[in-house]
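**Student:** Below you will find the structure I want to go over with you.
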Amino acid sequence: MMPIPSAIVTGAGSGIGRAIAARLSQDGYAVLVNDLHLDRAQAVADEIAVAGGKAVAVAGDVSSETDTANVYDVAVSAFGHPRLLVNCAGIVHQALFENLEVADFDRMFAIHVRGTFLMTKLALPSMLAAGDGVIINVASQLGQIGGIELVHYAGAKAAIIGMTKSLAREVSNRGVRVNAVAPGPINTPLVRELSQEWRVRKAAELPLGRFGEPEEVAATVSFLASPAASLFVGQTLGPNSGDVML
Ligand code: NAP
């Protein structure tokens, strides 16, 4: 019997990552559910198990070299080397540029950019050795168009898009596809941290007239992970309610 493929999803204890973990389980993956807090990751792993899937939870801060090494070790022990990595862990923080502290900027880049780098460094070698793998980075439409009071967040997300394209150029001819999703505003705890004023203004700008749901982003990730996306290389797909049209 063929072993079932496995996936690591970071930041999967909530919101978009949680929906991605559930969707990938439905797609037939064993899922390593990472989150900063073990109780959140465990709750999602339990939900997947109740639905008949396979999942293991592990706590870890994606910006930490030690934690990410442990996350990867737990994944390999549980399910073997992953075929799929989804870098989804993230935070948001809103402030005018004049009020941004260096620590705000560093934290934003540590979690989004360093976190994506560290997890990718761990997962890529076995994918290259197998000549088979998929990496999907969760960026944001704000990395494409910018966002008021979000210079550090939009900058980190733009960096992720640049990393996605560059790595895709390096490894695609060795069997590893690297792509990004850049969601628009999605109804999760993260978007609710933005001010009411920001959310009202953004909702008024959206051609679709509504924010998305985490499951709608998970559907895009499911597609990018699938053989149906075989020609998608270094792309940034936008489940974004029409906020960005490329
Ligand atoms: P969410 O519901 O807050 O989920 C994010 C998860 O990431 C949380 O469970 C959080 O853990 C975890 N996390 C935070 N820092 C972490 C770290 N250092 N290491 C490991 N896990 C960490 O937010 P979301 O909206 O689903 O966001 C998921 C991703 O989508 C983020 O990268 C975000 O930037 C991106 N995104 C979101 C939107 C949106 O409108 N919601 C739009 C575009 C892009 P704790 O809560 O336990 O601390």
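Here's how to read the names in the structure tokens: chain A, B, ... by the order shown, residue numbers from 1 in each chain, ligand numbers from 1 in the order shown.
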Can you work out which residues are within 6 Å of ligand 1, considering only C-alpha atoms and all ligand atoms, and then hand them over as a PyMOL selection string?
**Tutor:** chain A and resi 10-17+35-37+60-63+88-91+111+138-140+182-191
**Student:** For atom CA of His112 of chain A and atom CA of Lys157 of chain A, determine how far apart the two atoms are, in Å to one decimal place.
**Tutor:** 7.2 Å
**Student:** A:Ala19, A:Val233, A:Leu194, A:Leu122: which is nearest His93 of chain A, counting only C-alpha atoms?
**Tutor:**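 So, comparing all the options, the nearest one is A:Leu194.
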**Student:** Near Ala203 of chain A, counting only C-alpha atoms, which residues have an atom at most 12 Å away, once you skip same-chain residues fewer than 5 positions from it, shown as a list in words?
**Tutor:**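 Here the answer would be Gly184, Pro185, Ile186, Asn187, Val191, Gln196, Glu197, Trp198, Leu208, Gly209, Arg210, Phe211, Gly212, Asn240, Ser241, Gly242 and Asp243 of chain A.
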**Student:** Which of segment 80-214 of chain A end up as strand (DSSP E) when DSSP is run on this backbone - answer as a PDB file with C-alpha atoms, in the first residue's frame?
**Tutor:**
```
ATOM      1  CA  LEU A  84       3.696  19.622   1.006  1.00  0.00           C
ATOM      2  CA  LEU A  85       4.617  22.631   3.139  1.00  0.00           C
ATOM      3  CA  VAL A  86       2.175  25.472   3.705  1.00  0.00           C
ATOM      4  CA  ASN A  87       3.758  28.484   5.382  1.00  0.00           C
ATOM      5  CA  GLY A 133       7.191  18.478  -3.514  1.00  0.00           C
ATOM      6  CA  VAL A 134       4.995  21.527  -3.215  1.00  0.00           C
ATOM      7  CA  ILE A 135       5.560  24.660  -1.168  1.00  0.00           C
ATOM      8  CA  ILE A 136       2.759  27.186  -0.756  1.00  0.00           C
ATOM      9  CA  ASN A 137       3.393  30.480   0.997  1.00  0.00           C
ATOM     10  CA  VAL A 138       0.555  32.539   2.397  1.00  0.00           C
ATOM     11  CA  VAL A 176       9.323  21.062  -6.534  1.00  0.00           C
ATOM     12  CA  ARG A 177       6.615  23.619  -7.282  1.00  0.00           C
ATOM     13  CA  VAL A 178       6.608  26.808  -5.230  1.00  0.00           C
ATOM     14  CA  ASN A 179       3.656  29.193  -5.292  1.00  0.00           C
ATOM     15  CA  ALA A 180       1.913  31.725  -3.088  1.00  0.00           C
ATOM     16  CA  VAL A 181      -1.620  32.691  -2.247  1.00  0.00           C
TER      17      VAL A 181
END
```
**Student:** What's the separation between atom CA of Asp27 of chain A and atom CA of Gln42 of chain A, in Å to one decimal place?
**Tutor:**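 About the pair atom CA of Asp27 of chain A and atom CA of Gln42 of chain A: they are 20.0 Å apart.
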**Student:** For atom CA of Thr236 of chain A and atom CA of Gln144 of chain A, quote the distance in Å rounded to one decimal.
**Tutor:**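 Interatomic distance here is 9.6 Å.
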**Student:** Pull the alpha helix (DSSP H) assignments for segment 7-246 of chain A out of DSSP run on the backbone, and list those residues as a PyMOL selection string.
**Tutor:** chain A and resi 15-26+38-50+65-79+102-109+115-130+142-145+151-171+196-205+214-225
**Student:** Pick from A:Ala55, A:Ala78, A:Val71, A:Leu150: nearest to Ala22 of chain A, with only C-alpha atoms counted?
**Tutor:**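 The shortest atom-to-atom distance to Ala22 of chain A comes from A:Ala55.
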**Student:** So, counting only C-alpha atoms, which residue among A:Ile161, A:Met119, A:Val171, A:Tyr153 is closest to Phe105 of chain A?
**Tutor:**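 Nearest candidate to Phe105 of chain A out of A:Ile161, A:Met119, A:Val171, A:Tyr153: A:Tyr153.
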**Student:** Considering only C-alpha atoms, can you say which of A:Leu224, A:Val217, A:Val58, A:Glu149 comes closest to Leu100 of chain A?
**Tutor:**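 With only C-alpha atoms as the atom set, the closest residue is A:Glu149.
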**Student:** Restricting the calculation to only C-alpha atoms: of A:Asp46, A:Arg83, A:Ile145, A:Ala59, which residue gets closest to Ser226 of chain A?
**Tutor:**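 Looking at the shortest contact to Ser226 of chain A, the residue is A:Arg83.
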**Student:** So, with only C-alpha atoms as the atoms that count, which of A:Ala156, A:Ala123, A:Val74, A:Met2 lies closest to Arg107 of chain A?
**Tutor:**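 Between A:Ala156, A:Ala123, A:Val74, A:Met2, the residue approaching Arg107 of chain A most closely is A:Ala156.
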